[in-house]
>>> print(open('input-v1.txt').read())   # compact mmCIF, N, CA and C atoms
# COMPACT_ATOMS: atom_id res chain seq x y z
N MET I 1146 3.92 15.80 38.67
CA MET I 1146 3.31 15.95 37.37
C MET I 1146 2.27 17.07 37.43
N ALA I 1147 2.21 17.85 36.36
CA ALA I 1147 1.32 19.00 36.31
C ALA I 1147 -0.13 18.55 36.14
N SER I 1148 -1.02 19.24 36.80
CA SER I 1148 -2.44 18.92 36.68
C SER I 1148 -2.98 19.53 35.38
N TRP I 1149 -4.19 19.08 35.05
CA TRP I 1149 -4.85 19.58 33.85
C TRP I 1149 -5.02 21.10 33.91
N ASN I 1150 -5.39 21.63 35.07
CA ASN I 1150 -5.60 23.07 35.23
C ASN I 1150 -4.30 23.85 35.01
N GLU I 1151 -3.20 23.30 35.52
CA GLU I 1151 -1.91 23.97 35.33
C GLU I 1151 -1.52 24.00 33.86
N LEU I 1152 -1.74 22.88 33.18
CA LEU I 1152 -1.43 22.81 31.75
C LEU I 1152 -2.29 23.79 30.96
N ARG I 1153 -3.57 23.83 31.30
CA ARG I 1153 -4.49 24.74 30.61
C ARG I 1153 -4.08 26.19 30.85
N ASP I 1154 -3.75 26.54 32.09
CA ASP I 1154 -3.34 27.90 32.41
C ASP I 1154 -2.05 28.28 31.69
N THR I 1155 -1.12 27.34 31.61
CA THR I 1155 0.14 27.59 30.91
C THR I 1155 -0.11 27.82 29.42
N ALA I 1156 -0.97 27.00 28.84
CA ALA I 1156 -1.31 27.16 27.42
C ALA I 1156 -2.01 28.49 27.17
N LYS I 1157 -2.88 28.87 28.10
CA LYS I 1157 -3.60 30.15 27.99
C LYS I 1157 -2.63 31.32 28.04
N ARG I 1158 -1.69 31.26 28.98
CA ARG I 1158 -0.70 32.34 29.10
C ARG I 1158 0.17 32.43 27.84
N ALA I 1159 0.57 31.27 27.33
CA ALA I 1159 1.40 31.25 26.12
C ALA I 1159 0.65 31.85 24.93
N ALA I 1160 -0.62 31.49 24.79
CA ALA I 1160 -1.43 32.02 23.69
C ALA I 1160 -1.60 33.53 23.83
N THR I 1161 -1.87 33.99 25.03
CA THR I 1161 -2.04 35.42 25.26
C THR I 1161 -0.75 36.17 24.96
N LYS I 1162 0.34 35.60 25.38
CA LYS I 1162 1.65 36.21 25.14
C LYS I 1162 1.93 36.30 23.64
N ALA I 1163 1.63 35.24 22.90
CA ALA I 1163 1.85 35.23 21.45
C ALA I 1163 0.97 36.28 20.77
N ILE I 1164 -0.27 36.40 21.21
CA ILE I 1164 -1.18 37.40 20.62
C ILE I 1164 -0.66 38.81 20.88
N ASN I 1165 -0.21 39.06 22.10
CA ASN I 1165 0.29 40.39 22.44
C ASN I 1165 1.53 40.75 21.63
N LYS I 1166 2.44 39.79 21.48
CA LYS I 1166 3.65 40.06 20.70
C LYS I 1166 3.32 40.32 19.24
N THR I 1167 2.41 39.54 18.69
CA THR I 1167 2.00 39.73 17.30
C THR I 1167 1.36 41.10 17.13
N SER I 1168 0.54 41.49 18.08
CA SER I 1168 -0.12 42.80 18.02
C SER I 1168 0.91 43.92 18.05
N GLU I 1169 1.91 43.79 18.91
CA GLU I 1169 2.97 44.80 18.99
C GLU I 1169 3.70 44.93 17.66
N LEU I 1170 4.04 43.79 17.07
CA LEU I 1170 4.76 43.81 15.80
C LEU I 1170 3.93 44.42 14.69
N VAL I 1171 2.65 44.11 14.67
CA VAL I 1171 1.74 44.67 13.65
C VAL I 1171 1.64 46.18 13.83
N ASP I 1172 1.53 46.63 15.08
CA ASP I 1172 1.46 48.07 15.34
C ASP I 1172 2.71 48.78 14.84
N ILE I 1173 3.86 48.24 15.15
CA ILE I 1173 5.12 48.86 14.71
C ILE I 1173 5.22 48.82 13.19
N ALA I 1174 4.83 47.71 12.59
CA ALA I 1174 4.88 47.61 11.13
C ALA I 1174 3.96 48.64 10.47
N SER I 1175 2.77 48.83 11.03
CA SER I 1175 1.86 49.82 10.43
C SER I 1175 2.42 51.23 10.59
N MET I 1176 3.10 51.50 11.70
CA MET I 1176 3.74 52.81 11.88
C MET I 1176 4.85 53.00 10.85
N GLN I 1177 5.59 51.94 10.58
CA GLN I 1177 6.67 52.04 9.59
C GLN I 1177 6.12 52.23 8.18
N ILE I 1178 4.99 51.62 7.90
CA ILE I 1178 4.35 51.82 6.60
C ILE I 1178 3.92 53.28 6.45
N LYS I 1179 3.34 53.83 7.52
CA LYS I 1179 2.93 55.23 7.49
C LYS I 1179 4.15 56.12 7.27
N LEU I 1180 5.27 55.78 7.92
CA LEU I 1180 6.51 56.55 7.75
C LEU I 1180 6.97 56.51 6.29
N LYS I 1181 6.93 55.34 5.69
CA LYS I 1181 7.34 55.22 4.28
C LYS I 1181 6.44 56.05 3.38
N SER I 1182 5.16 56.09 3.68
CA SER I 1182 4.22 56.89 2.91
C SER I 1182 4.57 58.38 3.03
N LEU I 1183 4.87 58.82 4.25
CA LEU I 1183 5.26 60.22 4.45
C LEU I 1183 6.56 60.54 3.72
N GLU I 1184 7.50 59.62 3.75
CA GLU I 1184 8.77 59.83 3.05
C GLU I 1184 8.54 59.93 1.55
N SER I 1185 7.61 59.16 1.03
CA SER I 1185 7.28 59.23 -0.39
C SER I 1185 6.68 60.59 -0.74
N LYS I 1186 5.77 61.08 0.12
CA LYS I 1186 5.19 62.41 -0.10
C LYS I 1186 6.27 63.49 -0.05
N ARG I 1187 7.19 63.33 0.90
CA ARG I 1187 8.30 64.29 1.02
C ARG I 1187 9.11 64.31 -0.28
N ASN I 1188 9.43 63.14 -0.79
CA ASN I 1188 10.23 63.06 -2.02
C ASN I 1188 9.50 63.69 -3.20
N THR I 1189 8.20 63.49 -3.28
CA THR I 1189 7.40 64.10 -4.35
C THR I 1189 7.46 65.62 -4.25
N GLN I 1190 7.35 66.14 -3.04
CA GLN I 1190 7.40 67.60 -2.85
C GLN I 1190 8.79 68.15 -3.19
N TYR I 1191 9.84 67.40 -2.83
CA TYR I 1191 11.20 67.83 -3.20
C TYR I 1191 11.36 67.86 -4.72
N GLN I 1192 10.80 66.88 -5.40
CA GLN I 1192 10.88 66.87 -6.86
C GLN I 1192 10.17 68.08 -7.46
N LEU I 1193 9.00 68.37 -6.94
CA LEU I 1193 8.24 69.53 -7.42
C LEU I 1193 9.01 70.82 -7.15
N LEU I 1194 9.57 70.93 -5.96
CA LEU I 1194 10.37 72.10 -5.62
C LEU I 1194 11.57 72.25 -6.56
N GLY I 1195 12.20 71.14 -6.87
CA GLY I 1195 13.33 71.16 -7.80
C GLY I 1195 12.91 71.62 -9.19
N LYS I 1196 11.77 71.12 -9.67
CA LYS I 1196 11.28 71.53 -10.99
C LYS I 1196 10.98 73.02 -11.03
N LEU I 1197 10.31 73.50 -9.98
CA LEU I 1197 9.97 74.92 -9.94
C LEU I 1197 11.23 75.80 -9.87
N THR I 1198 12.17 75.37 -9.08
CA THR I 1198 13.42 76.13 -8.96
C THR I 1198 14.18 76.13 -10.29
N TYR I 1199 14.20 75.00 -10.97
CA TYR I 1199 14.85 74.90 -12.27
C TYR I 1199 14.20 75.86 -13.26
N ARG I 1200 12.86 75.84 -13.32
CA ARG I 1200 12.14 76.74 -14.24
C ARG I 1200 12.45 78.20 -13.92
N GLN I 1201 12.52 78.50 -12.64
CA GLN I 1201 12.80 79.88 -12.23
C GLN I 1201 14.20 80.29 -12.70
N LEU I 1202 15.16 79.42 -12.51
CA LEU I 1202 16.53 79.75 -12.90
C LEU I 1202 16.69 79.82 -14.42
N LYS I 1203 16.02 78.94 -15.14
CA LYS I 1203 16.13 78.92 -16.60
C LYS I 1203 15.41 80.09 -17.24
N SER I 1204 14.22 80.40 -16.74
CA SER I 1204 13.41 81.43 -17.39
C SER I 1204 13.67 82.82 -16.81
N GLY I 1205 14.17 82.85 -15.59
CA GLY I 1205 14.38 84.14 -14.93
C GLY I 1205 13.10 84.70 -14.33
N GLU I 1206 11.99 84.00 -14.54
CA GLU I 1206 10.71 84.43 -13.98
C GLU I 1206 10.54 83.85 -12.58
N SER I 1207 10.03 84.66 -11.69
CA SER I 1207 9.82 84.23 -10.32
C SER I 1207 8.75 83.14 -10.24
N GLN I 1208 9.03 82.13 -9.47
CA GLN I 1208 8.08 81.05 -9.22
C GLN I 1208 7.66 81.05 -7.75
N ALA I 1209 7.88 82.19 -7.08
CA ALA I 1209 7.65 82.29 -5.63
C ALA I 1209 6.23 81.90 -5.24
N GLU I 1210 5.23 82.30 -6.04
CA GLU I 1210 3.85 81.99 -5.69
C GLU I 1210 3.57 80.49 -5.79
N LYS I 1211 4.36 79.77 -6.57
CA LYS I 1211 4.21 78.32 -6.67
C LYS I 1211 5.12 77.59 -5.68
N ILE I 1212 6.26 78.20 -5.38
CA ILE I 1212 7.24 77.56 -4.49
C ILE I 1212 6.78 77.62 -3.02
N ALA I 1213 6.21 78.73 -2.61
CA ALA I 1213 5.83 78.91 -1.20
C ALA I 1213 4.91 77.80 -0.68
N PRO I 1214 3.84 77.42 -1.41
CA PRO I 1214 2.99 76.35 -0.89
C PRO I 1214 3.71 74.99 -0.83
N VAL I 1215 4.63 74.77 -1.76
CA VAL I 1215 5.39 73.52 -1.76
C VAL I 1215 6.29 73.46 -0.52
N VAL I 1216 6.93 74.58 -0.22
CA VAL I 1216 7.79 74.64 0.96
C VAL I 1216 6.96 74.46 2.24
N ALA I 1217 5.79 75.06 2.28
CA ALA I 1217 4.91 74.91 3.45
C ALA I 1217 4.48 73.45 3.62
N GLU I 1218 4.14 72.82 2.52
CA GLU I 1218 3.74 71.40 2.56
C GLU I 1218 4.92 70.54 3.01
N LEU I 1219 6.11 70.86 2.50
CA LEU I 1219 7.31 70.13 2.91
C LEU I 1219 7.54 70.26 4.41
N ASP I 1220 7.39 71.46 4.94
CA ASP I 1220 7.57 71.67 6.38
C ASP I 1220 6.59 70.81 7.18
N THR I 1221 5.35 70.75 6.72
CA THR I 1221 4.34 69.94 7.39
C THR I 1221 4.70 68.46 7.36
N ILE I 1222 5.10 67.99 6.19
CA ILE I 1222 5.47 66.58 6.03
C ILE I 1222 6.70 66.24 6.87
N LEU I 1223 7.68 67.12 6.88
CA LEU I 1223 8.89 66.86 7.67
C LEU I 1223 8.57 66.78 9.16
N GLU I 1224 7.65 67.59 9.64
CA GLU I 1224 7.23 67.52 11.04
C GLU I 1224 6.50 66.20 11.31
N GLN I 1225 5.65 65.78 10.38
CA GLN I 1225 4.94 64.51 10.54
C GLN I 1225 5.93 63.34 10.56
N ILE I 1226 6.97 63.43 9.75
CA ILE I 1226 8.00 62.38 9.73
C ILE I 1226 8.70 62.33 11.08
N ARG I 1227 9.08 63.48 11.62
CA ARG I 1227 9.73 63.50 12.94
C ARG I 1227 8.83 62.88 14.00
N GLU I 1228 7.56 63.21 13.97
CA GLU I 1228 6.61 62.66 14.95
C GLU I 1228 6.47 61.15 14.78
N GLN I 1229 6.42 60.69 13.54
CA GLN I 1229 6.26 59.26 13.27
C GLN I 1229 7.49 58.49 13.73
N VAL I 1230 8.66 59.03 13.47
CA VAL I 1230 9.91 58.38 13.91
C VAL I 1230 9.93 58.29 15.44
N ALA I 1231 9.53 59.35 16.11
CA ALA I 1231 9.49 59.35 17.58
C ALA I 1231 8.50 58.31 18.09
N GLU I 1232 7.37 58.21 17.43
CA GLU I 1232 6.35 57.23 17.83
C GLU I 1232 6.86 55.80 17.65
N ILE I 1233 7.55 55.55 16.56
CA ILE I 1233 8.11 54.22 16.31
C ILE I 1233 9.16 53.89 17.37
N GLU I 1234 10.02 54.85 17.65
CA GLU I 1234 11.07 54.62 18.66
C GLU I 1234 10.45 54.36 20.03
N ALA I 1235 9.41 55.10 20.38
CA ALA I 1235 8.74 54.90 21.66
C ALA I 1235 8.10 53.51 21.73
N ALA I 1236 7.49 53.07 20.63
CA ALA I 1236 6.87 51.75 20.59
C ALA I 1236 7.93 50.65 20.72
N LYS I 1237 9.06 50.83 20.05
CA LYS I 1237 10.14 49.85 20.14
C LYS I 1237 10.70 49.80 21.56
N LYS I 1238 10.87 50.96 22.17
CA LYS I 1238 11.40 51.02 23.53
C LYS I 1238 10.43 50.34 24.50
N ALA I 1239 9.14 50.63 24.35
CA ALA I 1239 8.14 50.01 25.21
C ALA I 1239 8.13 48.50 25.03
N ARG I 1240 8.30 48.05 23.80
CA ARG I 1240 8.34 46.62 23.52
C ARG I 1240 9.54 45.97 24.20
N GLU I 1241 10.68 46.61 24.11
CA GLU I 1241 11.89 46.09 24.76
C GLU I 1241 11.73 46.05 26.27
N GLU I 1242 11.12 47.07 26.83
CA GLU I 1242 10.90 47.11 28.28
C GLU I 1242 9.95 45.98 28.71
N ARG I 1243 8.91 45.73 27.90
CA ARG I 1243 8.00 44.63 28.21
C ARG I 1243 8.71 43.29 28.12
N LYS I 1244 9.55 43.14 27.11
CA LYS I 1244 10.30 41.89 26.97
C LYS I 1244 11.19 41.66 28.18
N GLN I 1245 11.86 42.72 28.63
CA GLN I 1245 12.74 42.61 29.79
C GLN I 1245 11.93 42.26 31.04
N ALA I 1246 10.78 42.89 31.22
CA ALA I 1246 9.93 42.61 32.37
C ALA I 1246 9.43 41.16 32.34
N GLU I 1247 9.08 40.67 31.13
CA GLU I 1247 8.64 39.29 30.99
C GLU I 1247 9.75 38.32 31.36
N LYS I 1248 10.98 38.61 30.91
CA LYS I 1248 12.11 37.74 31.23
C LYS I 1248 12.33 37.70 32.74
N GLU I 1249 12.24 38.85 33.38
CA GLU I 1249 12.42 38.91 34.83
C GLU I 1249 11.31 38.15 35.54
N ALA I 1250 10.08 38.27 35.06
CA ALA I 1250 8.96 37.56 35.66
C ALA I 1250 9.12 36.05 35.48
N GLU I 1251 9.57 35.63 34.30
CA GLU I 1251 9.80 34.21 34.04
C GLU I 1251 10.90 33.66 34.94
N ALA I 1252 11.96 34.45 35.13
CA ALA I 1252 13.05 34.02 36.00
C ALA I 1252 12.56 33.88 37.44
N THR I 1253 11.75 34.81 37.88
CA THR I 1253 11.19 34.75 39.23
C THR I 1253 10.30 33.52 39.39
N THR I 1254 9.46 33.26 38.39
CA THR I 1254 8.58 32.11 38.42
C THR I 1254 9.39 30.82 38.44
N ALA I 1255 10.44 30.76 37.64
CA ALA I 1255 11.29 29.57 37.61
C ALA I 1255 11.96 29.35 38.96
N GLU I 1256 12.39 30.43 39.58
CA GLU I 1256 13.03 30.30 40.91
C GLU I 1256 12.02 29.78 41.93
N LYS I 1257 10.80 30.30 41.89
CA LYS I 1257 9.76 29.84 42.82
C LYS I 1257 9.44 28.37 42.61
N THR I 1258 9.34 27.97 41.34
CA THR I 1258 9.03 26.59 41.03
C THR I 1258 10.14 25.67 41.53
N THR I 1259 11.39 26.08 41.31
CA THR I 1259 12.53 25.29 41.77
C THR I 1259 12.53 25.18 43.29
N ALA I 1260 12.24 26.28 43.96
CA ALA I 1260 12.20 26.27 45.41
C ALA I 1260 11.09 25.38 45.93
N GLU I 1261 9.93 25.40 45.28
CA GLU I 1261 8.80 24.57 45.68
C GLU I 1261 9.13 23.09 45.47
N GLU I 1262 9.78 22.77 44.35
CA GLU I 1262 10.15 21.38 44.08
C GLU I 1262 11.17 20.87 45.08
N GLU I 1263 12.09 21.72 45.45
CA GLU I 1263 13.11 21.33 46.44
C GLU I 1263 12.48 21.13 47.81
N ALA I 1264 11.44 21.91 48.11
CA ALA I 1264 10.78 21.81 49.41
C ALA I 1264 9.98 20.52 49.54
N GLU I 1265 9.55 19.97 48.42
CA GLU I 1265 8.76 18.74 48.46
C GLU I 1265 9.60 17.60 48.73
>>> encode(input="input-v1.txt", output="structure tokens")
Amino acid sequence: MASWNELRDTAKRAATKAINKTSELVDIASMQIKLKSLESKRNTQYQLLGKLTYRQLKSGESQAEKIAPVVAELDTILEQIREQVAEIEAAKKAREERKQAEKEAEATTAEKTTAEEEAE
């Protein structure tokens, strides 16, 4: 039968593990929210670019001085989106690696416990 200290330590480890997993999920979720925000900004810039291009084609007047800053902003946003996607993928990969390491550690602990019980 497990002692009080063993039970307390097990409960402590479980609580710590739950907190860490929750923190990881919150971090990934906040990154995804930031990504959605960037995608929304991108879409707004595309709409503006479309309006300016339409006006240029309809009126025949150049809109280059208005289009250039929109294109520059779009380039910036698209780079930020690429960076955010890479960050999310890295966080997901790290999370999966931690999960795999935890499973391996749990398996090792279970093997040790079984061996100790058999030895008694």
>>> atom_distance(input="input-v1.txt", atom1="atom C of Arg1200 in chain I", atom2="atom C of Ser1185 in chain I")
22.7 Å
>>> axis_aligned_box(input="input-v1.txt", around="range 1205-1221 of chain I", padding_each_side="8 Å", output="lines of an AutoDock Vina configuration file")
center_x = 8.7
center_y = 76.6
center_z = -4.1
size_x = 27.4
size_y = 32.2
size_z = 39.0
>>> closest_residue(input="input-v1.txt", among="I:Glu1169, I:Arg1240, I:Ala1255, I:Lys1186", to="Leu1219 in chain I", atoms="all atoms listed in the file")
I:Lys1186
>>> atom_distance(input="input-v1.txt", atom1="CA of Ile1222 in chain I", atom2="CA of Leu1183 in chain I")
6.6 Å
>>> atom_distance(input="input-v1.txt", atom1="atom C of Ala1159 in chain I", atom2="atom N of Glu1247 in chain I")
13.7 Å
>>> closest_atom_pairs(input="input-v1.txt", of="range 1170-1249 of chain I", to="range 1163-1166 of chain I", cutoff="10 Å", atoms="only C-alpha atoms", output="CSV")
residue,atom,partner,partner_atom,distance
I:Leu1170,CA,I:Lys1166,CA,6.3
I:Val1171,CA,I:Lys1166,CA,8.6
I:Asp1172,CA,I:Lys1166,CA,9.9
I:Arg1240,CA,I:Lys1166,CA,8.5
I:Arg1243,CA,I:Lys1166,CA,9.8
I:Lys1244,CA,I:Lys1166,CA,9.3
>>> residues_around(input="input-v1.txt", residues="range 1226-1233 of chain I", least_positions_apart="2", cutoff="8 Å", atoms="all atoms listed in the file", output="MDAnalysis selection string")
chainID I and resid 1172:1173 1176:1177 1179:1180 1183:1184 1220:1224 1235:1239
>>> closest_residue(input="input-v1.txt", among="I:Glu1218, I:Arg1153, I:Gly1205, I:Thr1259", to="Thr1189 in chain I", atoms="only C-alpha atoms")
I:Glu1218
>>> closest_residue(input="input-v1.txt", among="I:Leu1152, I:Val1215, I:Ser1207, I:Ser1168", to="Tyr1191 in chain I", atoms="all atoms listed in the file")
I:Val1215
